[in-house]
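Shown below: upload13.txt, with compact mmCIF, C-alpha atoms and all ligand atoms.
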```txt
# COMPACT_ATOMS: atom_id res chain seq x y z
CA MET A 1 -16.08 -31.18 2.04
CA GLN A 2 -14.31 -28.27 0.41
CA ALA A 3 -12.76 -26.79 3.56
CA SER A 4 -9.28 -26.93 2.03
CA ALA A 5 -10.45 -24.58 -0.74
CA ALA A 6 -10.65 -21.67 1.72
CA PRO A 7 -7.76 -19.21 1.25
CA HIS A 8 -4.96 -19.84 3.70
CA THR A 9 -2.86 -16.79 2.89
CA LEU A 10 -3.92 -13.17 2.95
CA LEU A 11 -1.60 -10.74 1.24
CA LEU A 12 -2.24 -7.25 2.54
CA ASP A 13 -1.05 -3.94 1.19
CA MET A 14 0.03 -1.32 3.75
CA ASP A 15 -0.80 2.26 2.66
CA GLY A 16 -4.48 2.69 1.87
CA THR A 17 -5.38 -0.82 3.02
CA ILE A 18 -4.15 -1.07 6.63
CA LEU A 19 -2.87 2.47 7.19
CA ASP A 20 -4.69 5.65 6.26
CA LEU A 21 -3.54 7.00 2.89
CA ALA A 22 -4.36 10.47 4.25
CA PHE A 23 -0.80 10.60 5.59
CA ASP A 24 0.80 9.82 2.20
CA ASN A 25 -1.52 12.15 0.32
CA TYR A 26 -0.70 14.93 2.76
CA PHE A 27 3.03 14.23 2.56
CA TRP A 28 3.37 14.01 -1.25
CA GLN A 29 0.59 16.36 -2.37
CA GLU A 30 0.69 19.06 0.35
CA LEU A 31 3.89 19.06 2.34
CA ILE A 32 6.41 18.57 -0.48
CA PRO A 33 4.85 21.18 -2.84
CA ARG A 34 4.76 23.69 0.03
CA PHE A 35 8.37 22.98 0.89
CA VAL A 36 9.54 23.28 -2.74
CA ALA A 37 7.49 26.46 -3.36
CA ARG A 38 8.84 28.15 -0.23
CA ARG A 39 12.42 27.26 -1.16
CA SER A 40 12.07 28.53 -4.76
CA GLY A 41 9.93 31.58 -3.94
CA ARG A 42 7.49 30.51 -6.68
CA PRO A 43 3.69 30.30 -6.33
CA LEU A 44 2.35 27.19 -4.66
CA SER A 45 -0.23 26.48 -7.38
CA ALA A 46 2.36 26.41 -10.20
CA THR A 47 4.75 24.36 -8.09
CA ARG A 48 2.01 21.88 -7.28
CA GLU A 49 1.16 21.46 -10.99
CA GLU A 50 4.80 20.84 -11.89
CA ILE A 51 5.17 18.28 -9.15
CA GLU A 52 1.95 16.50 -10.13
CA SER A 53 3.14 16.15 -13.73
CA LEU A 54 6.47 14.88 -12.47
CA TYR A 55 4.68 12.28 -10.33
CA ALA A 56 2.58 11.25 -13.35
CA GLN A 57 5.76 10.30 -15.23
CA TYR A 58 6.80 7.79 -12.57
CA ARG A 59 3.53 6.46 -11.15
CA GLY A 60 3.45 2.66 -11.13
CA THR A 61 7.23 2.30 -11.30
CA LEU A 62 9.58 1.36 -8.48
CA GLU A 63 11.04 4.89 -8.60
CA TRP A 64 7.63 6.27 -7.69
CA TYR A 65 7.92 4.42 -4.39
CA CYS A 66 11.63 5.10 -3.81
CA LEU A 67 12.64 7.54 -1.08
CA ASP A 68 16.17 7.81 -2.47
CA PHE A 69 14.91 8.73 -5.93
CA TRP A 70 12.69 11.57 -4.65
CA THR A 71 15.23 12.71 -2.07
CA ALA A 72 17.65 13.29 -4.94
CA ARG A 73 15.00 14.72 -7.29
CA PHE A 74 13.74 17.32 -4.81
CA ALA A 75 17.02 17.76 -2.89
CA ILE A 76 15.05 17.39 0.34
CA ASP A 77 15.83 15.03 3.22
CA LEU A 78 12.56 13.13 2.83
CA ARG A 79 13.34 10.70 5.65
CA ALA A 80 13.64 13.60 8.08
CA LEU A 81 10.53 15.29 6.67
CA LYS A 82 8.57 12.06 6.91
CA ALA A 83 9.69 11.46 10.48
CA ALA A 84 8.69 15.05 11.37
CA ALA A 85 5.17 14.52 9.96
CA SER A 86 4.81 10.99 11.36
CA GLN A 87 2.25 11.90 14.04
CA ARG A 88 -0.27 11.73 11.17
CA ILE A 89 0.41 8.02 10.51
CA ARG A 90 -2.56 5.97 11.68
CA TYR A 91 -4.57 2.80 11.04
CA LEU A 92 -7.68 2.82 8.89
CA PRO A 93 -10.97 2.00 10.70
CA GLY A 94 -11.24 -1.64 11.73
CA ALA A 95 -7.77 -2.59 10.47
CA ARG A 96 -6.30 -3.76 13.75
CA GLN A 97 -9.39 -5.74 14.70
CA PHE A 98 -9.45 -7.43 11.27
CA LEU A 99 -5.75 -8.34 11.41
CA ALA A 100 -6.01 -9.76 14.93
CA ALA A 101 -8.98 -11.95 13.97
CA ALA A 102 -7.73 -13.01 10.52
CA GLY A 103 -4.30 -13.90 11.88
CA ARG A 104 -5.80 -16.61 14.06
CA GLU A 105 -7.04 -18.51 10.99
CA ARG A 106 -4.74 -17.57 8.15
CA ARG A 107 -1.21 -16.76 7.19
CA LEU A 108 -0.86 -12.95 6.90
CA ILE A 109 1.85 -11.38 4.74
CA LEU A 110 2.29 -7.63 4.31
CA VAL A 111 3.25 -6.80 0.71
CA THR A 112 4.00 -3.15 0.09
CA ASN A 113 5.52 -0.99 -2.60
CA ALA A 114 6.75 1.32 0.15
CA HIS A 115 10.51 1.76 0.52
CA GLY A 116 12.06 -0.34 3.29
CA ASP A 117 12.84 2.78 5.36
CA THR A 118 9.22 3.96 5.15
CA LEU A 119 8.05 0.47 6.08
CA ALA A 120 10.42 0.48 9.07
CA LEU A 121 9.21 3.92 10.22
CA LYS A 122 5.55 2.95 9.95
CA ALA A 123 6.08 -0.46 11.55
CA ALA A 124 7.88 1.16 14.50
CA LEU A 125 5.11 3.73 15.01
CA THR A 126 2.13 1.40 14.62
CA GLY A 127 3.39 -2.00 15.78
CA LEU A 128 1.97 -3.56 12.61
CA ALA A 129 4.76 -6.17 12.35
CA GLY A 130 3.14 -8.06 15.24
CA TYR A 131 0.21 -9.05 13.05
CA PHE A 132 2.22 -10.54 10.19
CA GLU A 133 4.28 -13.62 9.49
CA GLN A 134 6.41 -11.58 7.08
CA LEU A 135 6.77 -8.00 5.84
CA VAL A 136 7.85 -7.68 2.20
CA SER A 137 8.90 -4.42 0.53
CA ALA A 138 8.79 -4.51 -3.27
CA HIS A 139 12.21 -2.87 -3.23
CA GLU A 140 13.71 -6.13 -1.90
CA LEU A 141 12.51 -7.84 -5.08
CA GLY A 142 13.47 -4.96 -7.38
CA LEU A 143 9.98 -4.87 -8.91
CA ALA A 144 6.81 -2.88 -8.20
CA LYS A 145 3.59 -4.79 -7.52
CA GLU A 146 2.14 -3.37 -10.76
CA GLN A 147 4.75 -5.33 -12.75
CA PRO A 148 3.76 -8.87 -13.83
CA ASP A 149 7.14 -10.34 -12.80
CA PHE A 150 6.63 -9.18 -9.22
CA TRP A 151 4.14 -11.96 -8.46
CA PRO A 152 6.25 -15.02 -9.37
CA ALA A 153 9.14 -13.37 -7.51
CA LEU A 154 6.92 -12.99 -4.43
CA GLU A 155 5.77 -16.60 -4.76
CA ARG A 156 9.38 -17.77 -4.63
CA ARG A 157 10.27 -15.42 -1.79
CA VAL A 158 7.52 -16.36 0.65
CA GLY A 159 6.44 -19.80 -0.60
CA LEU A 160 2.98 -18.99 -1.88
CA ASP A 161 0.17 -21.16 -3.20
CA PRO A 162 -1.33 -18.56 -5.58
CA ARG A 163 -4.69 -20.30 -5.96
CA ARG A 164 -5.22 -20.27 -2.20
CA SER A 165 -4.06 -16.69 -1.68
CA VAL A 166 -6.06 -13.48 -1.59
CA LEU A 167 -4.77 -9.95 -2.10
CA LEU A 168 -6.36 -6.94 -0.41
CA ASP A 169 -5.09 -3.69 -1.93
CA ASP A 170 -6.33 -0.19 -2.79
CA SER A 171 -4.47 0.02 -6.12
CA VAL A 172 -6.45 -1.20 -9.13
CA PRO A 173 -3.33 -1.63 -11.36
CA VAL A 174 -1.77 -3.78 -8.60
CA LEU A 175 -4.94 -5.86 -8.26
CA ASP A 176 -5.07 -6.26 -12.05
CA ALA A 177 -1.49 -7.59 -12.09
CA ALA A 178 -2.21 -10.01 -9.24
CA ALA A 179 -5.41 -11.27 -10.90
CA ALA A 180 -3.59 -11.79 -14.21
CA TYR A 181 -1.00 -13.85 -12.37
CA GLY A 182 -3.71 -16.13 -11.02
CA LEU A 183 -4.17 -15.28 -7.35
CA GLY A 184 -7.23 -16.98 -5.91
CA ALA A 185 -8.99 -13.67 -5.32
CA THR A 186 -8.40 -9.93 -5.37
CA ILE A 187 -10.35 -7.51 -3.18
CA ALA A 188 -10.18 -3.74 -3.63
CA ILE A 189 -10.34 -1.19 -0.81
CA ARG A 190 -12.68 1.61 -1.89
CA ARG A 191 -11.79 4.19 0.75
CA PRO A 192 -7.99 4.23 1.24
CA ASP A 193 -7.95 7.86 2.48
CA SER A 194 -10.35 8.49 5.37
CA GLY A 195 -10.68 12.14 4.33
CA ARG A 196 -11.65 11.52 0.70
CA PRO A 197 -14.59 9.92 -1.14
CA GLU A 198 -14.67 6.26 -2.11
CA GLN A 199 -12.87 5.28 -5.32
CA ASP A 200 -13.81 3.01 -8.21
CA PRO A 201 -12.63 -0.58 -7.58
CA GLY A 202 -12.38 -1.42 -11.29
CA ALA A 203 -13.29 -5.02 -12.12
CA HIS A 204 -12.53 -6.30 -8.62
CA ARG A 205 -14.78 -7.26 -5.77
CA SER A 206 -14.47 -4.58 -3.14
CA VAL A 207 -15.03 -3.41 0.40
CA ARG A 208 -15.10 0.10 1.81
CA ASP A 209 -12.37 -0.78 4.33
CA LEU A 210 -11.32 -3.71 6.52
CA ALA A 211 -14.24 -2.98 8.87
CA ASP A 212 -16.72 -3.67 6.05
CA ARG A 213 -19.23 -6.33 7.16
CA SER A 214 -19.23 -7.95 3.71
CA LEU A 215 -15.53 -8.85 3.93
CA PRO A 216 -15.79 -12.22 5.76
CA ALA A 217 -18.17 -13.53 3.07
CA LEU A 218 -15.79 -12.40 0.29
CA LEU A 219 -12.93 -14.26 1.96
CA GLY A 220 -14.96 -17.50 2.09
MG MG B 1 -1.84 0.98 -1.18
```

The structure in this file should be written as structure tokens.
Ligand SMILES: [Mg+2]
Amino acid sequence: MQASAAPHTLLLDMDGTILDLAFDNYFWQELIPRFVARRSGRPLSATREEIESLYAQYRGTLEWYCLDFWTARFAIDLRALKAAASQRIRYLPGARQFLAAAGRERRLILVTNAHGDTLALKAALTGLAGYFEQLVSAHELGLAKEQPDFWPALERRVGLDPRRSVLLDDSVPVLDAAAAYGLGATIAIRRPDSGRPEQDPGAHRSVRDLADRSLPALLG
């Protein structure tokens, strides 16, 4: 019998995996450019282009995910702005049902690049902490999930058996880093934003979202 080979730990990303990335896309790509354009009196389209190229410089780094960094960069109280827009924070289809069922059989750990304050806001609004044994923000470890050193640091932090752990995440660079480290399996989420088309999962096995009927078979 190979029952012990089944994964006993599921590592789940937050934004775009459990929660709808529509909120984050709205916040960073719509709300902030509008706010900055209004303050400067410059056209929205030019402001949006500048902000997108600024984002491109930091994507994949811990700064990209850091509220303090962007609060200083834009001189906007992003915590207050995020709280004001928080009625848009919601679960992706099937996420709660999946978490409730999976948590009866496996250890569930939330692993997010989100800043601890964003994690706290979202956890308070959605009650997501109740589904997980632990919530880990990459900022606690000082490394983004895209960075190879993140994964051994996470292993030490939560006591992980990498071969018997599975990561579900919507970020292909994150999944690539986890696979290179030797996690038992990586599964990509193809539709992290409920308002946008599906995305390319790269070399990873994938599901549309956590409601996808093919997911149980992928988890073994
Ligand atoms: Mg994500």

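Take CA of Ala179 in chain A and CA of Arg163 in chain A: the distance between them is 10.3 Å.
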
Using only C-alpha atoms, which residues sit within 7 Å of Lys145 in chain A once same-chain residues fewer than 5 positions away are excluded, as a PyMOL selection string? chain A and resi 113+138+150+174

Counting only C-alpha atoms and all ligand atoms, which residues of chain A sit at most 8 Å from some atom of ligand MG 1 (chain B), and what is each one's closest atom pair with its distance in Å to one decimal, listed by chain and rising residue number, as a Markdown table?
```
| residue | atom | partner | partner_atom | distance |
| --- | --- | --- | --- | --- |
| A:Asp13 | CA | B:MG1 | MG | 5.5 |
| A:Met14 | CA | B:MG1 | MG | 5.8 |
| A:Asp15 | CA | B:MG1 | MG | 4.2 |
| A:Gly16 | CA | B:MG1 | MG | 4.4 |
| A:Thr17 | CA | B:MG1 | MG | 5.8 |
| A:Leu21 | CA | B:MG1 | MG | 7.5 |
| A:Thr112 | CA | B:MG1 | MG | 7.3 |
| A:Asn113 | CA | B:MG1 | MG | 7.8 |
| A:Asp169 | CA | B:MG1 | MG | 5.7 |
| A:Asp170 | CA | B:MG1 | MG | 4.9 |
| A:Ser171 | CA | B:MG1 | MG | 5.7 |
| A:Pro192 | CA | B:MG1 | MG | 7.4 |
```

Determine the nearest neighbour of Ala177 in chain A from the options A:Leu54, A:Leu92, A:Ala144, A:Val158, counting all atoms listed in the file. A:Ala144

How big is the axis-aligned box around all listed atoms of range 205-210 of chain A once 3 Å goes on each side, and where's its centre, in Å to one decimal, as lines of an AutoDock Vina configuration file?
```
center_x = -13.2
center_y = -3.6
center_z = 0.4
size_x = 9.8
size_y = 13.4
size_z = 18.3
```

Compare A:Leu119, A:Ala85, A:Leu128, A:Ala80 by their minimum atom-to-atom distance to Phe23 in chain A, counting all atoms listed in the file, and give me the closest one.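 Using all atoms listed in the file, Phe23 in chain A sits closest to A:Ala85.
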
In Å, with one decimal, what is the gap from CA of Ile89 in chain A to CA of Val136 in chain A? 19.3 Å

Counting only C-alpha atoms, the option among A:Ser40, A:Gln147, A:Gln97, A:Gln29 closest to Tyr131 in chain A: A:Gln97

Considering all atoms listed in the file, state which residue in the set A:Ala75, A:Ile187, A:Leu12, A:Leu19 is at the smallest distance from Arg39 in chain A.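 Smallest separation from Arg39 in chain A among the options: A:Ala75.
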
Write out, as a Markdown table, each residue of range 106-210 of chain A that has an atom at most 9 Å from range 64-74 of chain A, together with the closest pair of atoms and their distance in Å to one decimal, counting all atoms listed in the file, rows going by chain and rising number.
```
| residue | atom | partner | partner_atom | distance |
| --- | --- | --- | --- | --- |
| A:Asn113 | CA | A:Tyr65 | CA | 6.2 |
| A:Ala114 | CA | A:Tyr65 | CA | 5.6 |
| A:His115 | CA | A:Cys66 | CA | 5.6 |
| A:Gly116 | CA | A:Cys66 | CA | 9.0 |
| A:Asp117 | CA | A:Leu67 | CA | 8.0 |
| A:Thr118 | CA | A:Leu67 | CA | 8.0 |
| A:His139 | CA | A:Cys66 | CA | 8.0 |
| A:Ala144 | CA | A:Tyr65 | CA | 8.3 |
```

Using C-alpha atoms, can you write the selected residues to a file as a CSV table (one decimal), in the frame of the given file?
```
chain,number,residue,atom,x,y,z
A,113,ASN,CA,5.5,-1.0,-2.6
A,114,ALA,CA,6.8,1.3,0.2
A,115,HIS,CA,10.5,1.8,0.5
A,116,GLY,CA,12.1,-0.3,3.3
A,117,ASP,CA,12.8,2.8,5.4
A,118,THR,CA,9.2,4.0,5.2
A,139,HIS,CA,12.2,-2.9,-3.2
A,144,ALA,CA,6.8,-2.9,-8.2
```

May I ask for the distance between CA of Gln199 in chain A and CA of Pro173 in chain A, given in Å to one decimal place?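 Taking CA of Gln199 in chain A as the start and CA of Pro173 in chain A as the end point, the length is 13.2 Å.
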
Counting all atoms listed in the file, figure out which residue out of A:His204, A:Glu30, A:Thr126, A:Glu63 gets nearest to Glu49 in chain A.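 Among the listed residues, A:Glu30 lies closest to Glu49 in chain A.
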
Ala203 in chain A: which residues within 9 Å, counting only C-alpha atoms, same-chain residues fewer than 2 positions away excluded, as a list in words?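 Residues near the query, excluding close chain neighbours: Val172, Asp176, Asp200, Pro201 and Arg205 of chain A.
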
Have a look at A:Gly94, A:Ser214, A:Thr47, A:Leu10 and name the one nearest to Val111 in chain A; count all atoms listed in the file.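 Going through A:Gly94, A:Ser214, A:Thr47, A:Leu10 one by one, the smallest distance to Val111 in chain A is for A:Leu10.
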
I'd like the neighbourhood of Ala102 in chain A as JSON, numbers by chain, where a residue qualifies if any of its atoms comes within 12 Å (using all atoms listed in the file), though same-chain residues fewer than 3 positions away should be ignored. {"A": [7, 8, 9, 10, 11, 12, 94, 95, 96, 97, 98, 99, 105, 106, 107, 108, 109, 131, 132, 210, 215, 216, 219, 220]}
